[in-house]
>>> print(open('query36.tsv').read())   # TSV, C-alpha atoms
chain	number	residue	atom	x	y	z
A	209	MET	CA	90.51	70.62	105.76
A	210	ALA	CA	92.62	73.44	104.49
A	211	THR	CA	91.08	76.89	104.26
A	212	THR	CA	92.63	79.30	101.80
A	213	VAL	CA	93.24	82.57	103.65
A	214	PHE	CA	94.99	84.39	100.85
A	215	LYS	CA	94.60	84.04	97.10
A	216	ARG	CA	94.33	86.12	93.96
A	217	PRO	CA	91.19	88.29	93.98
A	218	GLU	CA	88.59	87.36	91.36
A	219	SER	CA	88.72	90.85	89.91
A	220	MET	CA	92.29	90.19	88.75
A	221	SER	CA	93.08	88.09	85.72
A	222	THR	CA	95.73	85.37	85.70
A	223	ASN	CA	98.04	87.30	83.35
A	224	ILE	CA	101.55	87.89	84.64
A	225	THR	CA	102.20	91.62	84.94
A	226	HIS	CA	104.88	93.28	82.81
A	227	TYR	CA	106.19	95.30	85.75
A	228	CYS	CA	109.84	95.06	86.84
A	229	PRO	CA	110.77	92.82	89.78
A	230	GLY	CA	109.89	94.51	93.07
A	231	CYS	CA	107.66	97.17	91.48
A	232	THR	CA	104.82	97.94	93.88
A	233	HIS	CA	102.35	98.55	91.04
A	234	GLY	CA	101.45	94.87	91.44
A	235	ILE	CA	100.50	95.42	95.08
A	236	VAL	CA	98.27	98.38	94.20
A	237	HIS	CA	96.62	96.33	91.43
A	238	ARG	CA	95.92	93.56	93.91
A	239	LEU	CA	94.50	96.00	96.48
A	240	VAL	CA	92.11	97.41	93.88
A	241	GLY	CA	91.05	93.87	92.96
A	242	GLU	CA	90.53	92.87	96.58
A	243	VAL	CA	88.51	95.97	97.40
A	244	LEU	CA	86.27	95.50	94.33
A	245	ASP	CA	85.73	91.87	95.36
A	246	GLU	CA	84.96	92.67	98.97
A	247	LEU	CA	82.49	95.42	98.12
A	248	GLY	CA	80.94	93.24	95.38
A	249	LEU	CA	81.52	95.82	92.64
A	250	ARG	CA	83.12	93.66	89.97
A	251	GLU	CA	80.14	93.68	87.63
A	252	ARG	CA	79.59	97.42	87.96
A	253	ALA	CA	83.15	98.70	87.92
A	254	ILE	CA	84.75	100.55	85.02
A	255	GLY	CA	88.43	101.38	85.23
A	256	ILE	CA	90.26	104.06	83.27
A	257	ALA	CA	93.84	103.15	82.34
A	258	PRO	CA	96.39	105.96	82.11
A	259	VAL	CA	99.54	106.43	80.07
A	260	GLY	CA	102.66	105.36	81.90
A	261	CYS	CA	103.91	102.08	83.32
A	262	SER	CA	100.34	101.03	84.07
A	263	VAL	CA	99.19	101.72	80.49
A	264	LEU	CA	98.44	98.02	80.04
A	265	CYS	CA	96.71	97.58	83.39
A	266	TYR	CA	93.47	96.59	81.63
A	267	ASN	CA	95.17	93.25	80.93
A	268	TYR	CA	95.34	92.46	84.61
A	269	PHE	CA	91.75	93.05	85.71
A	270	ASN	CA	88.60	91.07	85.05
A	271	ILE	CA	86.51	94.23	84.81
A	272	ASP	CA	85.60	96.71	82.09
A	273	PHE	CA	88.41	99.06	81.23
A	274	GLN	CA	88.99	102.00	78.97
A	275	GLU	CA	92.27	103.55	77.89
A	276	SER	CA	92.48	107.32	78.02
A	277	ALA	CA	94.76	109.95	76.51
A	278	HIS	CA	97.74	111.01	78.58
A	279	GLY	CA	96.50	112.64	81.79
A	280	ARG	CA	92.87	112.82	80.68
A	281	ALA	CA	91.60	109.92	82.76
A	282	PRO	CA	89.57	112.09	85.21
A	283	ALA	CA	87.85	113.82	82.26
A	284	MET	CA	86.94	110.48	80.71
A	285	ALA	CA	85.80	109.14	84.07
A	286	THR	CA	83.58	112.20	84.45
A	287	GLY	CA	81.89	111.44	81.14
A	288	ILE	CA	81.33	107.77	81.96
A	289	LYS	CA	80.05	108.47	85.46
A	290	ARG	CA	77.64	111.18	84.31
A	291	THR	CA	76.14	109.06	81.54
A	292	ARG	CA	76.03	105.87	83.64
A	293	PRO	CA	75.62	106.97	87.27
A	294	ASP	CA	75.00	103.36	88.36
A	295	THR	CA	78.56	102.31	87.52
A	296	ILE	CA	81.59	102.52	89.77
A	297	VAL	CA	84.28	104.44	87.92
A	298	PHE	CA	87.89	104.67	88.98
A	299	THR	CA	91.02	105.99	87.33
A	300	TYR	CA	94.42	104.41	87.88
A	301	GLN	CA	97.15	106.99	87.34
A	302	GLY	CA	100.84	107.45	87.97
A	303	ASP	CA	102.58	110.63	89.04
A	304	GLY	CA	103.72	111.62	85.55
A	305	ASP	CA	100.22	111.18	84.19
A	306	LEU	CA	98.31	112.74	87.07
A	307	ALA	CA	100.64	115.32	88.59
A	308	SER	CA	102.23	116.61	85.40
A	309	ILE	CA	100.22	116.51	82.18
A	310	GLY	CA	96.88	115.76	83.84
A	311	THR	CA	96.97	118.20	86.78
A	312	ASN	CA	94.31	120.39	85.22
A	313	GLU	CA	91.84	117.54	84.65
A	314	LEU	CA	92.46	116.17	88.12
A	315	ILE	CA	91.97	119.44	89.99
A	316	HIS	CA	88.79	120.30	88.13
A	317	ALA	CA	87.33	116.80	88.53
A	318	ALA	CA	87.99	117.08	92.27
A	319	ASN	CA	86.65	120.62	92.39
A	320	ARG	CA	83.43	119.62	90.62
A	321	GLY	CA	83.10	116.81	93.14
A	322	GLU	CA	82.67	114.07	90.53
A	323	ARG	CA	81.68	110.78	92.17
A	324	ILE	CA	84.78	108.94	90.94
A	325	THR	CA	87.78	107.38	92.65
A	326	THR	CA	91.36	108.08	91.66
A	327	VAL	CA	94.10	105.58	92.45
A	328	PHE	CA	97.27	107.66	92.34
A	329	VAL	CA	100.59	105.81	92.31
A	330	ASN	CA	103.44	108.14	93.25
A	331	ASN	CA	106.89	106.69	92.61
A	332	ALA	CA	108.73	110.01	92.21
A	333	ILE	CA	109.84	109.32	88.63
A	334	TYR	CA	108.62	108.69	85.09
A	335	GLY	CA	108.93	104.92	84.87
A	336	MET	CA	107.87	103.83	81.39
A	337	THR	CA	109.76	106.44	79.39
A	338	GLY	CA	113.08	105.74	81.08
A	339	GLY	CA	113.34	107.48	84.42
A	340	GLN	CA	112.92	111.19	83.70
A	341	MET	CA	112.25	113.79	86.38
A	342	ALA	CA	108.62	114.00	87.46
A	343	PRO	CA	106.96	116.83	89.44
A	344	THR	CA	107.12	114.51	92.46
A	345	THR	CA	110.85	113.74	92.15
A	346	MET	CA	112.63	114.34	95.46
A	347	PRO	CA	115.19	117.17	95.89
A	348	GLY	CA	118.65	115.87	94.98
A	349	GLN	CA	117.28	112.72	93.36
A	350	VAL	CA	119.22	111.74	90.25
A	351	THR	CA	117.16	111.00	87.14
A	352	THR	CA	118.04	110.88	83.45
A	353	THR	CA	116.88	114.47	82.91
A	354	CYS	CA	118.50	115.83	86.08
A	355	PRO	CA	121.78	113.89	86.24
A	356	MET	CA	123.16	116.29	88.89
A	357	GLY	CA	120.12	115.71	91.11
A	358	ARG	CA	116.93	117.80	91.29
A	359	ASP	CA	117.88	121.37	92.10
A	360	VAL	CA	114.95	123.04	93.87
A	361	GLN	CA	116.24	126.53	92.92
A	362	THR	CA	115.59	125.96	89.24
A	363	MET	CA	113.15	123.03	89.19
A	364	GLY	CA	110.98	123.79	92.19
A	365	HIS	CA	109.99	121.55	95.05
A	366	PRO	CA	108.18	118.22	94.69
A	367	LEU	CA	104.43	118.58	94.26
A	368	ARG	CA	102.29	117.39	97.17
A	369	VAL	CA	99.13	116.50	95.27
A	370	SER	CA	97.09	115.28	98.23
A	371	GLU	CA	97.68	118.42	100.31
A	372	MET	CA	96.89	120.57	97.29
A	373	LEU	CA	93.54	118.85	96.68
A	374	ALA	CA	92.69	118.94	100.38
A	375	THR	CA	92.56	122.75	100.25
A	376	LEU	CA	89.55	122.67	97.88
A	377	LYS	CA	86.24	123.51	99.49
A	378	THR	CA	84.30	120.75	97.67
A	379	PRO	CA	83.85	117.74	99.98
A	380	SER	CA	86.14	114.86	99.08
A	381	TYR	CA	88.10	112.00	100.53
A	382	ILE	CA	91.87	112.49	100.15
A	383	ALA	CA	94.37	110.11	101.73
A	384	ARG	CA	98.01	109.20	101.32
A	385	VAL	CA	99.28	105.70	102.06
A	386	ALA	CA	102.40	103.67	101.30
A	387	VAL	CA	102.84	100.12	100.03
A	388	HIS	CA	106.52	99.37	100.60
A	389	LYS	CA	106.02	97.23	103.74
A	390	PRO	CA	103.25	94.76	104.68
A	391	SER	CA	102.03	96.87	107.62
A	392	TYR	CA	101.59	99.87	105.33
A	393	VAL	CA	99.83	97.71	102.73
A	394	ILE	CA	97.22	96.73	105.32
A	395	GLU	CA	96.60	100.41	106.12
A	396	ALA	CA	96.52	101.21	102.41
A	397	LYS	CA	93.78	98.70	101.80
A	398	ARG	CA	91.63	100.28	104.51
A	399	ALA	CA	91.99	103.71	102.91
A	400	LEU	CA	91.20	102.39	99.42
A	401	LYS	CA	88.15	100.57	100.69
A	402	LYS	CA	86.92	103.76	102.30
A	403	ALA	CA	87.47	105.65	99.05
A	404	PHE	CA	85.36	103.16	97.06
A	405	GLN	CA	82.76	103.11	99.82
A	406	TYR	CA	82.28	106.87	99.51
A	407	GLN	CA	81.72	106.47	95.78
A	408	VAL	CA	79.20	103.64	96.31
A	409	GLU	CA	77.30	105.91	98.69
A	410	GLY	CA	77.49	108.66	96.03
A	411	ARG	CA	78.94	111.11	98.48
A	412	CYS	CA	82.10	112.61	97.06
A	413	TYR	CA	85.21	112.51	94.94
A	414	SER	CA	87.92	110.30	96.42
A	415	LEU	CA	91.65	110.04	95.81
A	416	VAL	CA	94.15	107.70	97.43
A	417	GLU	CA	97.81	108.42	96.82
A	418	PHE	CA	100.10	105.38	97.09
A	419	LEU	CA	103.79	106.01	97.74
A	420	SER	CA	105.38	103.40	95.55
A	421	THR	CA	108.85	102.18	94.60
A	422	CYS	CA	110.57	102.04	91.22
A	423	PRO	CA	113.69	99.88	91.76
A	424	THR	CA	114.74	99.92	88.08
A	425	ASN	CA	114.74	103.67	87.55
A	426	TRP	CA	115.95	104.49	91.05
A	427	ALA	CA	118.85	102.09	90.24
A	428	MET	CA	118.41	100.13	93.46
A	429	THR	CA	117.48	96.63	94.53
A	430	PRO	CA	113.86	96.16	95.67
A	431	SER	CA	114.91	96.09	99.34
A	432	GLN	CA	117.12	99.18	98.97
A	433	SER	CA	114.26	101.02	97.32
A	434	THR	CA	111.85	100.28	100.18
A	435	LYS	CA	114.45	101.73	102.54
A	436	TRP	CA	114.98	104.77	100.29
A	437	LEU	CA	111.24	105.37	100.21
A	438	GLU	CA	111.07	105.21	103.99
A	439	ASP	CA	114.10	107.48	104.53
A	440	THR	CA	113.52	110.04	101.78
A	441	MET	CA	109.91	110.11	100.67
A	442	LEU	CA	108.05	109.48	103.93
A	443	PRO	CA	109.37	112.62	105.70
A	444	TYR	CA	108.37	114.80	102.73
A	445	TYR	CA	105.08	113.04	101.95
A	446	PRO	CA	103.39	112.46	105.32
A	447	LEU	CA	100.84	109.65	105.40
A	448	GLY	CA	97.27	109.98	106.55
A	449	GLU	CA	93.83	111.24	105.64
A	450	PHE	CA	93.91	114.88	104.58
A	451	LYS	CA	90.23	115.38	104.04
A	452	THR	CA	87.05	113.43	104.64
A	453	PRO	CA	83.54	114.45	103.55
A	454	ASP	CA	82.34	114.17	107.15
A	455	GLU	CA	84.22	117.24	108.33
A	456	GLU	CA	82.47	119.46	105.76
A	457	GLU	CA	78.93	118.53	106.68
B	846	MET	CA	99.77	73.42	109.67
B	847	PRO	CA	99.68	76.53	107.46
B	848	ARG	CA	100.83	76.02	103.92
B	849	VAL	CA	102.50	78.60	101.67
B	850	THR	CA	102.36	77.86	97.95
B	851	ILE	CA	104.50	79.90	95.58
B	852	GLU	CA	103.72	79.71	91.90
B	853	LYS	CA	107.34	79.76	90.79
B	854	ASP	CA	106.79	80.95	87.23
B	855	ARG	CA	104.95	84.06	88.46
B	856	CYS	CA	107.81	84.99	90.81
B	857	LYS	CA	110.17	87.72	89.60
B	858	GLY	CA	112.74	87.19	92.33
B	859	CYS	CA	112.40	90.56	94.07
B	860	SER	CA	112.90	88.80	97.44
B	861	LEU	CA	110.51	91.16	99.27
B	862	CYS	CA	108.69	88.12	100.71
B	863	VAL	CA	111.93	86.61	102.00
B	864	GLU	CA	112.66	89.82	103.91
B	865	ALA	CA	109.10	90.21	105.16
B	866	CYS	CA	108.69	86.70	106.60
B	867	PRO	CA	108.99	86.84	110.41
B	868	GLN	CA	109.84	83.12	110.60
B	869	GLN	CA	112.47	82.88	107.84
B	870	VAL	CA	110.36	80.30	106.07
B	871	LEU	CA	111.26	81.44	102.56
B	872	GLU	CA	114.53	81.52	100.68
B	873	MET	CA	115.61	82.40	97.17
B	874	SER	CA	116.16	79.36	94.99
B	875	LEU	CA	119.43	78.66	93.17
B	876	ASP	CA	117.48	77.50	90.12
B	877	ILE	CA	115.79	79.81	87.66
B	878	ASN	CA	112.18	79.76	86.54
B	879	VAL	CA	110.77	80.00	83.04
B	880	LYS	CA	111.29	83.78	82.96
B	881	GLY	CA	114.91	83.46	84.09
B	882	TYR	CA	114.50	84.75	87.65
B	883	PHE	CA	115.74	83.15	90.85
B	884	TYR	CA	112.40	82.43	92.50
B	885	ALA	CA	111.41	82.34	96.16
B	886	ARG	CA	110.48	79.00	97.69
B	887	PRO	CA	109.44	77.80	101.16
B	888	VAL	CA	112.32	75.86	102.73
B	889	ARG	CA	111.29	75.76	106.40
B	890	ALA	CA	107.59	75.20	105.84
B	891	HIS	CA	107.10	73.75	109.33
B	892	HIS	CA	108.00	77.17	110.84
B	893	CYS	CA	105.14	78.89	109.00
B	894	ILE	CA	102.56	80.57	111.26
B	895	GLY	CA	100.16	81.49	108.43
B	896	CYS	CA	100.45	85.23	109.01
B	897	ARG	CA	100.04	86.03	105.25
B	898	VAL	CA	102.71	88.73	105.35
B	899	CYS	CA	104.63	87.18	102.44
B	900	ALA	CA	101.51	87.12	100.29
B	901	ILE	CA	100.54	90.68	101.26
B	902	THR	CA	103.95	92.01	100.23
B	903	CYS	CA	104.20	90.01	96.97
B	904	PRO	CA	103.76	92.39	94.00
B	905	ASP	CA	103.03	89.53	91.60
B	906	VAL	CA	100.29	87.67	93.48
B	907	ALA	CA	102.42	84.53	93.27
B	908	ILE	CA	101.78	83.37	96.84
B	909	GLU	CA	98.76	81.53	98.19
B	910	VAL	CA	98.32	80.77	101.88
B	911	ALA	CA	96.13	77.99	103.27
B	912	VAL	CA	95.63	77.04	106.90
B	913	HIS	CA	94.21	73.98	108.61
B	914	GLY	CA	91.52	74.47	111.20
B	915	THR	CA	90.84	77.72	113.00
B	916	LEU	CA	93.70	80.13	113.21
B	917	TYR	CA	93.85	83.32	115.20
B	918	HIS	CA	95.01	86.25	113.08
B	919	TYR	CA	96.71	89.28	114.57
B	920	PHE	CA	95.36	91.58	111.91
B	921	ASP	CA	92.40	91.81	109.57
B	922	TYR	CA	93.13	91.81	105.92
>>> encode(input="query36.tsv", output="structure tokens")
Amino acid sequence: MATTVFKRPESMSTNITHYCPGCTHGIVHRLVGEVLDELGLRERAIGIAPVGCSVLCYNYFNIDFQESAHGRAPAMATGIKRTRPDTIVFTYQGDGDLASIGTNELIHAANRGERITTVFVNNAIYGMTGGQMAPTTMPGQVTTTCPMGRDVQTMGHPLRVSEMLATLKTPSYIARVAVHKPSYVIEAKRALKKAFQYQVEGRCYSLVEFLSTCPTNWAMTPSQSTKWLEDTMLPYYPLGEFKTPDEEE
Amino acid sequence: MPRVTIEKDRCKGCSLCVEACPQQVLEMSLDINVKGYFYARPVRAHHCIGCRVCAITCPDVAIEVAVHGTLYHYFDY
């Protein structure tokens, strides 16, 4: 008798995603679905959709979802979690949403230690609006708003969100993972599961940053973009856990 | 024998699974699916070791893996 060892998680709907071929958003969606299934949180979970490529991500999950204003997902999650502490609230945000317009909301949600989980997808570019420069764009990377490449003298260096949040004194779980290769995806799932586990235990704020690819706006094939991520982004954005609540106690 | 099933109309032809497969089981098709993409399909199914790497790397959850009997897995997922 055949045993199915891999199939779509129940927390995901059967809709086909609108993402471009090779976009790793789909992998992150699936990881969220798998973690919610494995921890048995499907009936309690509430997701907050951002503005960006994943603006329609409520179509792809079989859980309650709420759309928020651009960058304000952590603020909305705070409200939901405080009025319904029994729910599991997570925000799903890209780098334009979280690291640019929503930096304020994010930092203060983390600083207050809200018991929410943030899924942060960092692909170093604004995807939905046509490939503009994001705060996380790599030095020298060509985008539609920096056609000569990002010049760090005038535009500053890419923002390392995880390191920045790890300096806060409030206990939290902050980790950075990548999803461009299967071995990294397996590690990523472990980190995400830990992040949700901390929220279930009501211990701390948790954020997992996923280094992700954007083949369309990087103007590469999916396999070239995984290589570009490995060569360019990984040295600047080191992977690992930056902060765990255990070290504070 | 492990069995890889690819739902061809979900596939967007990114070919990440073809590159990830350690046994070269998968190949890109020369036909197009309903969305107009060249989809991935298993061509050397008898080489499959059921490692699930293709399914783990697929961004569109198009791949399902089934195995017969007990199979030792090198990694938890």
>>> atom_distance(input="query36.tsv", atom1="atom CA of A:Gly339", atom2="atom CA of A:Thr311")
19.7 Å
>>> closest_residue(input="query36.tsv", among="B:His918, B:Arg897, B:Lys880, B:Lys853", to="A:Phe214", atoms="only C-alpha atoms")
B:Arg897
>>> closest_atom_pairs(input="query36.tsv", of="chain A", to="chain B", cutoff="10 Å", atoms="all atoms listed in the file", output="tab-separated table")
residue	atom	partner	partner_atom	distance
A:Met209	CA	B:His913	CA	5.8
A:Ala210	CA	B:His913	CA	4.4
A:Thr211	CA	B:Ala911	CA	5.3
A:Thr212	CA	B:Ala911	CA	4.0
A:Val213	CA	B:Ala911	CA	5.4
A:Phe214	CA	B:Val910	CA	5.0
A:Lys215	CA	B:Glu909	CA	5.0
A:Arg216	CA	B:Val906	CA	6.2
A:Pro217	CA	B:Val906	CA	9.1
A:Met220	CA	B:Val906	CA	9.6
A:Thr222	CA	B:Val906	CA	9.3
A:Asn223	CA	B:Arg855	CA	9.2
A:Ile224	CA	B:Arg855	CA	6.4
A:Thr225	CA	B:Asp905	CA	7.0
A:His226	CA	B:Asp905	CA	9.7
A:Tyr227	CA	B:Asp905	CA	8.8
A:Cys228	CA	B:Lys857	CA	7.8
A:Pro229	CA	B:Cys859	CA	5.1
A:Gly230	CA	B:Cys859	CA	4.8
A:Cys231	CA	B:Pro904	CA	6.7
A:Thr232	CA	B:Pro904	CA	5.7
A:His233	CA	B:Pro904	CA	7.0
A:Gly234	CA	B:Pro904	CA	4.2
A:Ile235	CA	B:Pro904	CA	4.6
A:Val236	CA	B:Pro904	CA	8.1
A:His237	CA	B:Pro904	CA	8.6
A:Arg238	CA	B:Val906	CA	7.3
A:Leu239	CA	B:Ile901	CA	9.4
A:Glu242	CA	B:Tyr922	CA	9.8
A:Val387	CA	B:Thr902	CA	8.2
A:His388	CA	B:Thr902	CA	7.8
A:Lys389	CA	B:Thr902	CA	6.6
A:Pro390	CA	B:Thr902	CA	5.3
A:Ser391	CA	B:Val898	CA	8.5
A:Tyr392	CA	B:Thr902	CA	9.7
A:Val393	CA	B:Ile901	CA	7.2
A:Ile394	CA	B:Tyr922	CA	6.4
A:Glu395	CA	B:Tyr922	CA	9.3
A:Lys397	CA	B:Tyr922	CA	8.1
A:Arg398	CA	B:Tyr922	CA	8.7
A:Pro423	CA	B:Cys859	CA	9.7
A:Thr429	CA	B:Cys859	CA	7.9
A:Pro430	CA	B:Cys859	CA	6.0
A:Ser431	CA	B:Leu861	CA	6.6
A:Thr434	CA	B:Leu861	CA	9.3
>>> atom_distance(input="query36.tsv", atom1="atom CA of A:Ala277", atom2="atom CA of A:Gly321")
21.4 Å
>>> atom_distance(input="query36.tsv", atom1="atom CA of A:Phe404", atom2="atom CA of A:Ser433")
29.0 Å
>>> residues_around(input="query36.tsv", residues="A:Leu314", least_positions_apart="4", cutoff="12 Å", atoms="all atoms listed in the file", output="count of residues only")
35
>>> closest_residue(input="query36.tsv", among="B:Tyr917, B:Ile877, B:Gln869, B:Val863", to="B:Arg889", atoms="all atoms listed in the file")
B:Gln869
>>> decode(input="query36.tsv", residues="stretch 872-890 of chain B", atoms="C-alpha atoms", output="compact mmCIF listing (two decimals), in the first residue's frame")
# COMPACT_ATOMS: atom_id res chain seq x y z
CA GLU B 872 12.67 16.50 -16.99
CA MET B 873 10.93 19.47 -18.54
CA SER B 874 8.23 18.48 -21.00
CA LEU B 875 8.16 19.67 -24.61
CA ASP B 876 4.39 20.14 -24.38
CA ILE B 877 2.71 23.03 -22.65
CA ASN B 878 0.07 22.90 -19.95
CA VAL B 879 -3.17 24.84 -19.69
CA LYS B 880 -1.33 27.96 -18.47
CA GLY B 881 1.15 27.80 -21.34
CA TYR B 882 4.21 26.65 -19.37
CA PHE B 883 6.54 23.78 -20.19
CA TYR B 884 5.83 21.56 -17.19
CA ALA B 885 8.08 19.15 -15.32
CA ARG B 886 7.33 15.43 -15.55
CA PRO B 887 8.92 12.25 -14.19
CA VAL B 888 10.69 10.41 -17.02
CA ARG B 889 12.91 7.97 -15.11
CA ALA B 890 10.42 7.09 -12.40
